[in-house]
Amino acid sequence: MFDADRPIASSEQDRLGRATFAKYLARCVLDHNSAESLVIGLYGGWGVGKTSVINLTLEELRFAASNMFDDEKPIILNFSPWSYSGQDQLVYSFFRRLSSEMRASPYFENANKIIHLLELYVSFFTHKPVPVSLRPKHTVWGAIFKSKGMTEETLGWESGRDLTQVKAELNELLRQQKHKIIIMIDNITRLEDHEIKQVFQIVKSMGDYANTIYMLALDKEHIIRTFERQQRGTGVAYLEKVVQLPFEIPPISQQDLELIFTDRLQKILHIVPFDAWNKDYWADLYYTSLKHFFMNVRDITRYVNSVSFSYAHVKEVVNPVDFFAITALEVFAPEIYYGIRDNKDLFTDLMDHVYVQDAVKIAEDKSRCDEILKRGEKILHDQMLQLLIRLFPRLRTLYEADVAFYHSDIIARNDMRICNPDIFDVYFRLSMPLGLIPPAEMNTILAIAPDAEGFDLALMRLNQDGKIIKFLDWLDSEGVKKIHTDHIGNVMNALMDSADLFPEGVTTPVSFNTPMRIHRIFTQLLSRFDQHEKRYGFYREAIKKATNSLYIIVHEFNLQSDAHIETADTFVPSESRDLTPKQLENWQTLAMAKISEWATTGRLIEHPKLIPILFFWKGLEEGEACHQYVVQITQEEKGLLAFLCGVLKEPIDQAMAKYEKNPEWKKYIATIEDFISVEFLAPQAILLFEGDNFEKLREREQLAILIFLDLINAKTTKVIPMTSV
């Protein structure tokens, strides 16, 4: 539920005790016996409730007026110049509103004369004619004389009077009647400088009219600065000259703010999952730091609206206290908020398990954190630091190393705390594009390249967070240059071992998929070495140590082989190649050993790149072994489905996207027969299609069977939906 930033409109909504002051002010205005004009100033800073006081005073004025005799009732104009800001008609609009209020008061004495003189007065200021509807009504004789050439008073100077005469006549009429004209002007501080000047011109021009009382709500300091920019002498003296009776609206007390804050927060807490709200933890954060963020009611409104908007979308995956706290930073200290977002490694234990927190590293991290803290201006440094230390326990090692504290990674993960690196990014979903990695985090990851296991783990963490593609892009473009020669082996080993687990990406005219991106990284790294043996040594070690990836080994071999094909446009002269023919043969042997290992252990059948790997295997001298492997696995349901899903991947993708068949799918029969006869697969596929378990298969598996049977025109007891032409 959103809380509009609206002032209160009645005393029933008053939570700050302002109604008493407003009633007193209203009664004083009505009891002002002198016919002399009066300008009252209601001074207060941003968000202290000036408009609310205006509204409460207006409520009391109208209530009192309802119990007054008609000849005593005041004429009240509540004018907000901000509504006319930027329209170059602020002065004109003010007098139009005042004239309208007078005309709407049936008990106003000499109304027609006063309104006519007021319109002439306005004409002098605005150089606009009196509106037709407000011109004096002529008698029949007047109309006849007018038709003979008499001039109608449509402009001030056409009346035969000057501005002084018009003002004197108007003032005398106002003095004779008993009605007070009460003019309330709010939102002055929101105006542009030249518009503020116009408002005070209005007040000065009518400030000495009899029975006229102005009530101006403004930020005194802002108005003084505006006057001084306009070179109107000292701003204080100018304001004191205009305003005769000033009132300071006191800031809202901290206690009252807390009551309002608690009341509005309750409207959000009802959607917090059961038992997720830790009262003690919230109290610690609030009374240590957060309460200093809220200086007025508008601060509370901005904050509550931000939490209301974003929390509902992540309430099941974040700690509510942490989320409420980090949202306060987003609203009141965005520079610090973004600093936290962009330095995950600094605020979580993302990298702590891969390097030692020595004195040098601690000093470096503390310097980084100090720089982020300096970005905040509104909140005191110590209050901000205490908040961050409680949100991110890792900072205690930087600032409170001698203070004993307890922190459990397991509990933090279970409680979905922001300090846990696995959950950290969720808190910034609405502020950070998916996969964005700040430069500091990039450099931190490269800094642990000397640790082979740590760097490998860091890559897996990036992959888990959906950031690995961005990291590889950065590595390809500029990060490679930052890798020390001594650490190339660790980087290549980690990439070769993990590449198959990364999203493949797509190749476009202006981008590369993941295997190609990794190839480019390898090539750049190895370009530092002139000897073929040195380059191949890195590849050999990376292939031997790879346990999680297989396709990248095949893919990289094919690219290296292309450089040796004289008839291909990828041909590279022997002196410029990365590897020699003999080294490629050794690579082939290593790759075949890896494939055999994966086939023997049953892992190969589960590889998403099964078909490209089989093509590589088939192209070797051991092609028959590949055929026998396909025969073996397709005799079982799991192997048959894996094989058909692999071969028919593109038809399946098209079918799921467009829900229509494509005559080009026929070509995939030839792909199948590169490995095994369709007659051999057909009985097993028909049996699976007609069996009771077919409906339990995943959608892609069902489509693989249906497309295959349709392509071979298989005869079954069940009707095969037509999927091809």
# chains A, B, ... in the order shown; residues from 1 in each chain; ligands from 1
$ select_by_dssp --residues "stretch 102-301 of chain A" --states "helix (DSSP H, G or I)" --output "VMD selection string"
chain A and resid 102 to 103 111 to 126 132 to 134 140 to 147 156 to 159 163 to 176 188 to 190 193 to 206 220 to 229 235 to 242 254 to 269 279 to 288 290 to 293 297 to 301
$ residues_around --residues "A:Ile336" --least-positions-apart "3" --cutoff "6 Å" --atoms "only C-alpha atoms" --output "MDAnalysis selection string"
chainID A and resid 333 339 372
$ residues_around --residues "A:Phe405" --least-positions-apart "6" --cutoff "10 Å" --atoms "only C-alpha atoms" --output "list in words"
Pro393, Arg396 and Thr397 of chain A
$ write_last_selection --atoms "all heavy atoms" --output "CSV table (one decimal), in the first residue's frame"
chain,number,residue,atom,x,y,z
A,393,PRO,N,28.8,-8.6,8.8
A,393,PRO,CA,29.8,-8.9,9.8
A,393,PRO,C,31.2,-8.9,9.4
A,393,PRO,O,32.1,-8.8,10.2
A,393,PRO,CB,29.3,-10.3,10.3
A,393,PRO,CG,27.8,-10.3,9.9
A,393,PRO,CD,27.7,-9.5,8.7
A,396,ARG,N,33.6,-6.3,10.6
A,396,ARG,CA,34.2,-6.2,11.9
A,396,ARG,C,35.7,-6.5,11.9
A,396,ARG,O,36.4,-6.0,12.8
A,396,ARG,CB,33.4,-7.2,12.8
A,396,ARG,CG,32.0,-6.8,13.1
A,396,ARG,CD,31.3,-7.8,14.1
A,396,ARG,NE,29.9,-7.4,14.3
A,396,ARG,CZ,29.5,-6.6,15.2
A,396,ARG,NH1,30.4,-5.9,16.0
A,396,ARG,NH2,28.2,-6.3,15.4
A,397,THR,N,36.1,-7.4,11.0
A,397,THR,CA,37.5,-7.7,10.9
A,397,THR,C,38.3,-6.5,10.5
A,397,THR,O,39.5,-6.4,10.7
A,397,THR,CB,37.8,-8.8,9.9
A,397,THR,OG1,37.3,-8.5,8.6
A,397,THR,CG2,37.0,-10.1,10.4
$ closest_residue --among "A:Leu77, A:Phe124, A:Leu117, A:Asp562" --to "A:Tyr92" --atoms "only C-alpha atoms"
A:Phe124
$ atom_distance --atom1 "atom CA of A:Cys645" --atom2 "atom CA of A:Pro608"
9.3 Å
$ closest_residue --among "A:Ile224, A:Leu191, A:Leu398, A:Leu329" --to "A:Gly376" --atoms "only C-alpha atoms"
A:Leu329
$ residues_around --residues "A:Phe675" --least-positions-apart "2" --cutoff "9 Å" --atoms "only C-alpha atoms" --output "list in words"
Leu614, Phe615, Lys618, Cys626, His627, Gln628, Val630, Val631, Thr671, Ile672, Glu673 and Ser677 of chain A
$ residues_around --residues "A:Ile379" --least-positions-apart "6" --cutoff "9 Å" --atoms "only C-alpha atoms" --output "list in words"
Ser289, His292, Phe293, Phe332 and Ala333 of chain A
$ select_by_dssp --residues "stretch 206-359 of chain A" --states "strand (DSSP E or B)" --output "list of chain:residue names"
A:Thr212, A:Ile213, A:Tyr214, A:Met215, A:Leu216, A:Ala217, A:Leu218, A:Leu245, A:Pro246, A:Phe247, A:Glu248
$ write_last_selection --atoms "N, CA, C and O atoms" --output "short mmCIF file (atom, residue, chain, number, x, y, z; two decimals), in the first residue's frame"
data_model
loop_
_atom_site.label_atom_id
_atom_site.label_comp_id
_atom_site.auth_asym_id
_atom_site.auth_seq_id
_atom_site.Cartn_x
_atom_site.Cartn_y
_atom_site.Cartn_z
N THR A 212 -7.68 42.93 4.97
CA THR A 212 -7.06 41.84 4.21
C THR A 212 -5.94 41.23 5.04
O THR A 212 -5.07 41.94 5.55
N ILE A 213 -5.99 39.92 5.18
CA ILE A 213 -4.99 39.20 5.97
C ILE A 213 -4.36 38.12 5.10
O ILE A 213 -5.06 37.30 4.49
N TYR A 214 -3.04 38.14 5.04
CA TYR A 214 -2.30 37.11 4.30
C TYR A 214 -1.70 36.12 5.29
O TYR A 214 -1.24 36.49 6.37
N MET A 215 -1.69 34.87 4.89
CA MET A 215 -1.01 33.83 5.65
C MET A 215 -0.09 33.09 4.67
O MET A 215 -0.57 32.40 3.76
N LEU A 216 1.21 33.24 4.84
CA LEU A 216 2.19 32.69 3.91
C LEU A 216 2.95 31.54 4.57
O LEU A 216 3.54 31.71 5.63
N ALA A 217 2.94 30.38 3.93
CA ALA A 217 3.69 29.22 4.43
C ALA A 217 4.95 29.08 3.59
O ALA A 217 4.87 28.92 2.36
N LEU A 218 6.11 29.14 4.24
CA LEU A 218 7.35 29.12 3.47
C LEU A 218 8.52 28.65 4.33
O LEU A 218 8.47 28.64 5.56
N LEU A 245 3.88 39.33 11.17
CA LEU A 245 3.67 38.44 12.31
C LEU A 245 4.19 37.04 11.96
O LEU A 245 3.50 36.23 11.35
N PRO A 246 5.43 36.75 12.32
CA PRO A 246 6.00 35.44 11.97
C PRO A 246 5.74 34.38 13.04
O PRO A 246 5.73 34.68 14.24
N PHE A 247 5.54 33.14 12.61
CA PHE A 247 5.42 31.99 13.50
C PHE A 247 6.36 30.90 12.99
O PHE A 247 6.35 30.56 11.80
N GLU A 248 7.16 30.35 13.87
CA GLU A 248 8.03 29.23 13.52
C GLU A 248 7.30 27.92 13.81
O GLU A 248 6.88 27.69 14.94
#
$ residues_around --residues "A:Ile182" --least-positions-apart "2" --cutoff "12 Å" --atoms "only C-alpha atoms" --output "PyMOL selection string"
chain A and resi 26+29-30+32+37-40+54+57-58+61-62+65+73-79+98+101-102+179-180+184-185+206-207+209-216
$ write_last_selection --atoms "N, CA and C atoms" --output "CSV table (one decimal), in the first residue's frame"
chain,number,residue,atom,x,y,z
A,26,ALA,N,-6.3,30.5,13.9
A,26,ALA,CA,-7.5,30.9,13.2
A,26,ALA,C,-8.4,31.9,14.0
A,29,VAL,N,-6.9,35.3,14.0
A,29,VAL,CA,-7.1,36.0,12.7
A,29,VAL,C,-8.5,36.6,12.7
A,30,LEU,N,-9.5,35.8,13.1
A,30,LEU,CA,-10.9,36.2,13.1
A,30,LEU,C,-11.1,37.3,14.2
A,32,HIS,N,-9.0,39.6,15.0
A,32,HIS,CA,-8.2,40.8,14.6
A,32,HIS,C,-9.1,42.0,14.3
A,37,SER,N,-4.3,45.9,7.3
A,37,SER,CA,-3.9,44.6,6.7
A,37,SER,C,-2.9,44.0,7.6
A,38,LEU,N,-2.7,42.7,7.4
A,38,LEU,CA,-1.8,41.9,8.2
A,38,LEU,C,-1.2,40.8,7.4
A,39,VAL,N,0.1,40.6,7.4
A,39,VAL,CA,0.7,39.5,6.7
A,39,VAL,C,1.4,38.6,7.8
A,40,ILE,N,0.9,37.3,7.8
A,40,ILE,CA,1.4,36.3,8.8
A,40,ILE,C,2.3,35.4,8.1
A,54,ILE,N,-1.7,24.8,7.5
A,54,ILE,CA,-2.6,25.6,6.7
A,54,ILE,C,-4.0,25.0,6.6
A,57,THR,N,-5.8,25.2,10.0
A,57,THR,CA,-6.2,26.5,10.2
A,57,THR,C,-7.5,26.8,9.3
A,58,LEU,N,-7.4,26.4,8.1
A,58,LEU,CA,-8.5,26.5,7.1
A,58,LEU,C,-9.8,25.8,7.7
A,61,LEU,N,-11.2,28.0,10.5
A,61,LEU,CA,-11.8,29.2,9.9
A,61,LEU,C,-13.2,28.9,9.4
A,62,ARG,N,-13.3,27.8,8.6
A,62,ARG,CA,-14.6,27.5,8.0
A,62,ARG,C,-15.6,27.1,9.0
A,65,ALA,N,-16.7,30.2,10.7
A,65,ALA,CA,-17.5,31.0,9.8
A,65,ALA,C,-18.9,30.5,9.7
A,73,LYS,N,-19.1,37.0,8.0
A,73,LYS,CA,-18.3,35.9,7.5
A,73,LYS,C,-17.2,36.3,6.6
A,74,PRO,N,-16.0,35.6,6.8
A,74,PRO,CA,-14.8,36.0,6.1
A,74,PRO,C,-14.9,35.4,4.6
A,75,ILE,N,-14.2,36.0,3.8
A,75,ILE,CA,-14.0,35.5,2.4
A,75,ILE,C,-12.6,34.9,2.4
A,76,ILE,N,-12.5,33.6,2.2
A,76,ILE,CA,-11.3,32.8,2.3
A,76,ILE,C,-10.8,32.3,1.0
A,77,LEU,N,-9.5,32.7,0.6
A,77,LEU,CA,-8.9,32.2,-0.6
A,77,LEU,C,-7.7,31.3,-0.2
A,78,ASN,N,-7.7,30.0,-0.5
A,78,ASN,CA,-6.6,29.1,-0.3
A,78,ASN,C,-5.9,29.0,-1.7
A,79,PHE,N,-4.8,29.7,-1.9
A,79,PHE,CA,-4.1,29.7,-3.2
A,79,PHE,C,-2.8,29.0,-3.1
A,98,LEU,N,-9.2,35.1,-6.6
A,98,LEU,CA,-9.7,36.0,-5.6
A,98,LEU,C,-11.0,36.6,-6.0
A,101,GLU,N,-13.7,34.0,-5.6
A,101,GLU,CA,-14.2,33.8,-4.2
A,101,GLU,C,-15.1,34.9,-3.8
A,102,MET,N,-14.8,36.1,-4.2
A,102,MET,CA,-15.7,37.3,-3.9
A,102,MET,C,-17.1,37.1,-4.5
A,179,HIS,N,-16.4,42.3,6.2
A,179,HIS,CA,-15.9,41.0,5.9
A,179,HIS,C,-14.3,41.0,5.8
A,180,LYS,N,-13.7,40.1,6.5
A,180,LYS,CA,-12.3,39.9,6.4
A,180,LYS,C,-12.0,39.1,5.1
A,184,MET,N,-4.6,32.7,2.0
A,184,MET,CA,-3.6,31.7,2.4
A,184,MET,C,-2.8,31.3,1.2
A,185,ILE,N,-1.5,31.4,1.2
A,185,ILE,CA,-0.6,31.0,0.1
A,185,ILE,C,0.4,30.0,0.6
A,206,MET,N,-1.1,44.3,-2.5
A,206,MET,CA,-2.3,44.3,-1.8
A,206,MET,C,-2.1,44.2,-0.3
A,207,GLY,N,-0.8,44.2,0.1
A,207,GLY,CA,-0.5,44.0,1.5
A,207,GLY,C,-1.1,45.1,2.5
A,209,TYR,N,-4.1,46.7,1.9
A,209,TYR,CA,-5.5,46.8,1.7
A,209,TYR,C,-6.2,46.5,3.0
A,210,ALA,N,-7.3,47.3,3.3
A,210,ALA,CA,-8.0,47.2,4.6
A,210,ALA,C,-8.7,45.8,4.6
A,211,ASN,N,-8.8,45.3,5.9
A,211,ASN,CA,-9.5,44.0,6.1
A,211,ASN,C,-8.9,42.8,5.3
A,212,THR,N,-7.7,42.9,5.0
A,212,THR,CA,-7.1,41.8,4.2
A,212,THR,C,-5.9,41.2,5.0
A,213,ILE,N,-6.0,39.9,5.2
A,213,ILE,CA,-5.0,39.2,6.0
A,213,ILE,C,-4.4,38.1,5.1
A,214,TYR,N,-3.0,38.1,5.0
A,214,TYR,CA,-2.3,37.1,4.3
A,214,TYR,C,-1.7,36.1,5.3
A,215,MET,N,-1.7,34.9,4.9
A,215,MET,CA,-1.0,33.8,5.7
A,215,MET,C,-0.1,33.1,4.7
A,216,LEU,N,1.2,33.2,4.8
A,216,LEU,CA,2.2,32.7,3.9
A,216,LEU,C,2.9,31.5,4.6
$ closest_residue --among "A:Tyr107, A:Tyr281, A:Trp587, A:Phe471" --to "A:Leu446" --atoms "only C-alpha atoms"
A:Phe471
